[in-house]
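Colleague: Got a structure for you, written out below as structure tokens; questions coming shortly.
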Amino acid sequence: MSKAMYPGSFDPVTTGHLDIIRRAAKTFDELVVGVLNNKQKSPLFSVEERVKILEEATKDIPNITVVSFSGLMADYARENGITVSVKGLRCSADFDAELVQAQYNHLLSDGELETVSFFTRPEYSFISSSGVREVASFGGDLSPYVPDFVAELITEKLKSKS
Ligand code: PNS
């Protein structure tokens, strides 16, 4: 039984993340989508909101659980029977960053956690949560980058913050 985890900030989840989630859910028996509770960042959406959004966006995929986690992913994986860390790669900068994280996670898990990377589909190769936040902050059309209900939530959130 293969249990994998796709960790990230997902602030907000994008169509690129959702493509990786769908492909990983087909590849592994169980996929946990892990939202990092990173106290140092000041996010657009709270961790609880991000978990809810991800649950809604993935509700048609049966073998997915969405959780939040704090601390080291390697520790969460060990405690929850997860043996694979899923990553999405868009470009060489992603590769450089993910290679480093994979090396740390290998050591931190005593070699128990494998990192498996999925290469982006070309149509998602430039999409990032930070790009979405920037387009949103200037009132641009978000429809190519996030599901419609997420675009609405972003617009509402920005209005409530202004
Ligand atoms: O979406 P992001 O912000 O690029 O995701 C980064 C994330 C959450 C995958 C990464 O920061 C992470 O796994 N953090 C948990 C802390 C950890 O395990 N660090 C060791 C590897 S460097």
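FYI, nothing fancy with the structure tokens labels: chains A, B, ... in order, residues from 1 per chain, ligands from 1 as they appear.
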Fewer than 2 positions away in the same chain doesn't count, so skip those; otherwise give me all residues within 8 Å of Val13 of chain A, counting only C-alpha atoms, as number ranges by chain.

Modeller: A: 10-11, 15, 17-18, 50, 53-54, 129, 146

Colleague: Could you take the residues named above and write them with C-alpha atoms, as a PDB file, in the first residue's frame?

Modeller:
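And here's selection05.pdb as it stands now:
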ATOM      1  CA  PHE A  10      -1.033  26.254  -1.284  1.00  0.00           C
ATOM      2  CA  ASP A  11      -1.700  29.955  -0.702  1.00  0.00           C
ATOM      3  CA  THR A  15      -4.490  24.668 -11.383  1.00  0.00           C
ATOM      4  CA  HIS A  17      -1.035  22.101  -7.988  1.00  0.00           C
ATOM      5  CA  LEU A  18      -4.330  20.411  -8.836  1.00  0.00           C
ATOM      6  CA  ARG A  50      -6.492  26.514   2.764  1.00  0.00           C
ATOM      7  CA  ILE A  53     -10.328  25.083  -0.172  1.00  0.00           C
ATOM      8  CA  LEU A  54      -8.211  22.048  -1.017  1.00  0.00           C
ATOM      9  CA  SER A 129       0.761  30.978  -5.897  1.00  0.00           C
ATOM     10  CA  VAL A 146      -7.198  28.836 -10.080  1.00  0.00           C
TER      11      VAL A 146
END

Colleague: Apply DSSP to the backbone of this structure and, from chain A, keep only the residues in strand (DSSP E or B); write these as a PyMOL selection string.

Modeller: chain A and resi 3-8+30-36+64-69+84-89+114-119

Colleague: Pull the helix (DSSP H, G or I) assignments for segment 16-159 of chain A out of DSSP run on the backbone, and list those residues as a PyMOL selection string.

Modeller: chain A and resi 16-27+47-57+73-79+92-108+122-124+129-137+148-159

Colleague: Which residues of chain A come within 10 Å of ligand 1, and for each one, what is the closest pair of atoms and their distance in Å to one decimal, counting only C-alpha atoms and all ligand atoms, sorted by chain and residue number, as a tab-separated table?

Modeller:
residue	atom	partner	partner_atom_place_in_ligand_line	distance
A:Met5	CA	ligand 1	9 (C)	9.9
A:Tyr6	CA	ligand 1	9 (C)	7.6
A:Pro7	CA	ligand 1	9 (C)	4.6
A:Gly8	CA	ligand 1	5 (O)	3.5
A:Ser9	CA	ligand 1	1 (O)	3.9
A:Phe10	CA	ligand 1	1 (O)	5.7
A:Asp11	CA	ligand 1	1 (O)	7.8
A:Pro12	CA	ligand 1	1 (O)	9.4
A:Val13	CA	ligand 1	1 (O)	9.2
A:His17	CA	ligand 1	1 (O)	9.3
A:Gly34	CA	ligand 1	8 (C)	7.8
A:Val35	CA	ligand 1	8 (C)	7.0
A:Leu36	CA	ligand 1	8 (C)	5.1
A:Asn37	CA	ligand 1	8 (C)	8.4
A:Asn38	CA	ligand 1	14 (N)	8.1
A:Lys41	CA	ligand 1	3 (O)	9.5
A:Phe69	CA	ligand 1	15 (C)	8.3
A:Ser70	CA	ligand 1	15 (C)	7.1
A:Gly71	CA	ligand 1	16 (C)	5.4
A:Leu72	CA	ligand 1	18 (O)	3.4
A:Met73	CA	ligand 1	18 (O)	3.9
A:Ala74	CA	ligand 1	18 (O)	5.8
A:Asp75	CA	ligand 1	18 (O)	7.7
A:Tyr76	CA	ligand 1	18 (O)	8.6
A:Ala77	CA	ligand 1	18 (O)	9.6
A:Ser85	CA	ligand 1	13 (O)	8.9
A:Val86	CA	ligand 1	9 (C)	9.1
A:Lys87	CA	ligand 1	9 (C)	7.9
A:Gly88	CA	ligand 1	4 (O)	9.7
A:Asp94	CA	ligand 1	4 (O)	9.0
A:Ala97	CA	ligand 1	22 (S)	8.7
A:Glu98	CA	ligand 1	22 (S)	8.4
A:Leu99	CA	ligand 1	22 (S)	9.5
A:Val100	CA	ligand 1	22 (S)	6.8
A:Gln101	CA	ligand 1	22 (S)	4.2
A:Ala102	CA	ligand 1	21 (C)	7.0
A:Gln103	CA	ligand 1	21 (C)	8.0
A:Tyr104	CA	ligand 1	21 (C)	5.3
A:Asn105	CA	ligand 1	21 (C)	5.6
A:His106	CA	ligand 1	21 (C)	9.2
A:Leu107	CA	ligand 1	21 (C)	9.8
A:Leu108	CA	ligand 1	20 (C)	7.8
A:Ser109	CA	ligand 1	18 (O)	10.0
A:Ser128	CA	ligand 1	1 (O)	9.0
A:Ser129	CA	ligand 1	1 (O)	8.0
A:Ser130	CA	ligand 1	1 (O)	9.8

Colleague: Skipping near chain neighbours, those fewer than 6 positions away, what residues fall within 12 Å of Arg133 of chain A using only C-alpha atoms, listed as JSON, numbers by chain?

Modeller: {"A": [10, 11, 12, 13, 14, 43, 44, 45, 127, 139, 140, 141, 142, 145, 146, 150, 151, 153, 154, 155, 157, 158]}

Colleague: In Å, how far is it from atom CA of Asp110 of chain A to atom CA of Thr83 of chain A?

Modeller: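 Distance between the two atoms: 11.4 Å.
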
Colleague: Do a neighbour search on Glu123 of chain A at 12 Å with only C-alpha atoms, toss out local chain neighbours closer than 2 positions, and write the hits as an mmCIF file with all heavy atoms, in the first residue's frame.

Modeller:
data_model
loop_
_atom_site.group_PDB
_atom_site.id
_atom_site.type_symbol
_atom_site.label_atom_id
_atom_site.label_comp_id
_atom_site.auth_asym_id
_atom_site.auth_seq_id
_atom_site.Cartn_x
_atom_site.Cartn_y
_atom_site.Cartn_z
ATOM 1 N N THR A 15 -4.161 25.761 -10.455
ATOM 2 C CA THR A 15 -4.490 24.668 -11.383
ATOM 3 C C THR A 15 -3.268 23.760 -11.585
ATOM 4 O O THR A 15 -3.412 22.565 -11.836
ATOM 5 C CB THR A 15 -4.939 25.233 -12.748
ATOM 6 O OG1 THR A 15 -4.010 26.251 -13.148
ATOM 7 C CG2 THR A 15 -6.319 25.827 -12.684
ATOM 8 N N GLY A 16 -2.078 24.332 -11.434
ATOM 9 C CA GLY A 16 -0.854 23.512 -11.532
ATOM 10 C C GLY A 16 -0.754 22.535 -10.375
ATOM 11 O O GLY A 16 -0.464 21.346 -10.568
ATOM 12 N N ASP A 19 -3.248 19.756 -10.908
ATOM 13 C CA ASP A 19 -2.806 18.768 -11.906
ATOM 14 C C ASP A 19 -1.849 17.758 -11.259
ATOM 15 O O ASP A 19 -1.982 16.543 -11.480
ATOM 16 C CB ASP A 19 -2.124 19.492 -13.076
ATOM 17 C CG ASP A 19 -1.645 18.512 -14.125
ATOM 18 O OD1 ASP A 19 -2.486 17.753 -14.652
ATOM 19 O OD2 ASP A 19 -0.427 18.488 -14.399
ATOM 20 N N ARG A 90 8.642 22.618 -12.223
ATOM 21 C CA ARG A 90 8.296 23.456 -13.372
ATOM 22 C C ARG A 90 9.523 23.887 -14.162
ATOM 23 O O ARG A 90 9.448 24.141 -15.358
ATOM 24 C CB ARG A 90 7.562 24.723 -12.911
ATOM 25 C CG ARG A 90 6.197 24.482 -12.309
ATOM 26 C CD ARG A 90 5.714 25.677 -11.537
ATOM 27 N NE ARG A 90 6.622 25.946 -10.433
ATOM 28 C CZ ARG A 90 6.408 26.846 -9.471
ATOM 29 N NH1 ARG A 90 5.311 27.559 -9.490
ATOM 30 N NH2 ARG A 90 7.289 27.018 -8.513
ATOM 31 N N PHE A 119 6.811 16.151 -13.443
ATOM 32 C CA PHE A 119 7.124 17.315 -14.269
ATOM 33 C C PHE A 119 5.831 18.005 -14.697
ATOM 34 O O PHE A 119 4.860 17.346 -15.062
ATOM 35 C CB PHE A 119 7.929 16.898 -15.501
ATOM 36 C CG PHE A 119 9.318 16.445 -15.129
ATOM 37 C CD1 PHE A 119 9.596 15.111 -14.937
ATOM 38 C CD2 PHE A 119 10.333 17.374 -14.942
ATOM 39 C CE1 PHE A 119 10.864 14.697 -14.558
ATOM 40 C CE2 PHE A 119 11.600 16.969 -14.563
ATOM 41 C CZ PHE A 119 11.868 15.628 -14.366
ATOM 42 N N THR A 120 5.866 19.318 -14.648
ATOM 43 C CA THR A 120 4.693 20.113 -14.994
ATOM 44 C C THR A 120 4.229 19.839 -16.427
ATOM 45 O O THR A 120 5.035 19.550 -17.317
ATOM 46 C CB THR A 120 5.021 21.615 -14.861
ATOM 47 O OG1 THR A 120 3.850 22.377 -15.143
ATOM 48 C CG2 THR A 120 6.117 22.053 -15.800
ATOM 49 N N ARG A 121 2.935 19.939 -16.637
ATOM 50 C CA ARG A 121 2.425 20.028 -18.003
ATOM 51 C C ARG A 121 2.717 21.465 -18.467
ATOM 52 O O ARG A 121 2.652 22.403 -17.653
ATOM 53 C CB ARG A 121 0.918 19.765 -18.034
ATOM 54 C CG ARG A 121 0.528 18.370 -17.553
ATOM 55 C CD ARG A 121 0.786 17.311 -18.612
ATOM 56 N NE ARG A 121 0.373 15.997 -18.137
ATOM 57 C CZ ARG A 121 1.199 14.953 -17.955
ATOM 58 N NH1 ARG A 121 2.489 15.079 -18.197
ATOM 59 N NH2 ARG A 121 0.751 13.792 -17.557
ATOM 60 N N SER A 125 3.295 25.596 -16.503
ATOM 61 C CA SER A 125 4.712 25.705 -16.149
ATOM 62 C C SER A 125 5.096 27.053 -15.539
ATOM 63 O O SER A 125 6.119 27.164 -14.886
ATOM 64 C CB SER A 125 5.582 25.440 -17.380
ATOM 65 O OG SER A 125 5.265 26.382 -18.358
ATOM 66 N N PHE A 126 4.272 28.059 -15.741
ATOM 67 C CA PHE A 126 4.619 29.392 -15.211
ATOM 68 C C PHE A 126 3.739 29.786 -14.029
ATOM 69 O O PHE A 126 3.911 30.866 -13.467
ATOM 70 C CB PHE A 126 4.463 30.447 -16.318
ATOM 71 C CG PHE A 126 3.032 30.595 -16.766
ATOM 72 C CD1 PHE A 126 2.248 31.593 -16.243
ATOM 73 C CD2 PHE A 126 2.468 29.704 -17.654
ATOM 74 C CE1 PHE A 126 0.904 31.719 -16.612
ATOM 75 C CE2 PHE A 126 1.138 29.812 -18.021
ATOM 76 C CZ PHE A 126 0.359 30.815 -17.507
ATOM 77 N N ILE A 127 2.823 28.925 -13.654
ATOM 78 C CA ILE A 127 1.826 29.319 -12.647
ATOM 79 C C ILE A 127 2.377 29.068 -11.245
ATOM 80 O O ILE A 127 2.896 27.989 -10.951
ATOM 81 C CB ILE A 127 0.508 28.542 -12.851
ATOM 82 C CG1 ILE A 127 -0.068 28.867 -14.230
ATOM 83 C CG2 ILE A 127 -0.498 28.875 -11.752
ATOM 84 C CD1 ILE A 127 -1.305 28.075 -14.596
ATOM 85 N N PRO A 144 -7.441 31.590 -15.525
ATOM 86 C CA PRO A 144 -6.541 30.537 -16.024
ATOM 87 C C PRO A 144 -5.730 29.853 -14.928
ATOM 88 O O PRO A 144 -5.098 28.829 -15.181
ATOM 89 C CB PRO A 144 -5.581 31.289 -16.960
ATOM 90 C CG PRO A 144 -6.146 32.634 -17.149
ATOM 91 C CD PRO A 144 -6.988 32.928 -15.951
ATOM 92 N N TYR A 145 -5.696 30.398 -13.747
ATOM 93 C CA TYR A 145 -4.712 29.944 -12.751
ATOM 94 C C TYR A 145 -5.292 29.207 -11.557
ATOM 95 O O TYR A 145 -4.565 28.473 -10.878
ATOM 96 C CB TYR A 145 -3.910 31.141 -12.207
ATOM 97 C CG TYR A 145 -3.574 32.166 -13.244
ATOM 98 C CD1 TYR A 145 -4.042 33.469 -13.144
ATOM 99 C CD2 TYR A 145 -2.785 31.820 -14.356
ATOM 100 C CE1 TYR A 145 -3.746 34.411 -14.113
ATOM 101 C CE2 TYR A 145 -2.499 32.759 -15.332
ATOM 102 C CZ TYR A 145 -2.982 34.054 -15.203
ATOM 103 O OH TYR A 145 -2.698 34.977 -16.168
#

Colleague: Between atom CA of Met1 of chain A and atom CA of Phe95 of chain A, what is the distance in Å, rounded to a tenth?

Modeller: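 One can read the atom CA of Met1 of chain A to atom CA of Phe95 of chain A distance as 27.7 Å.
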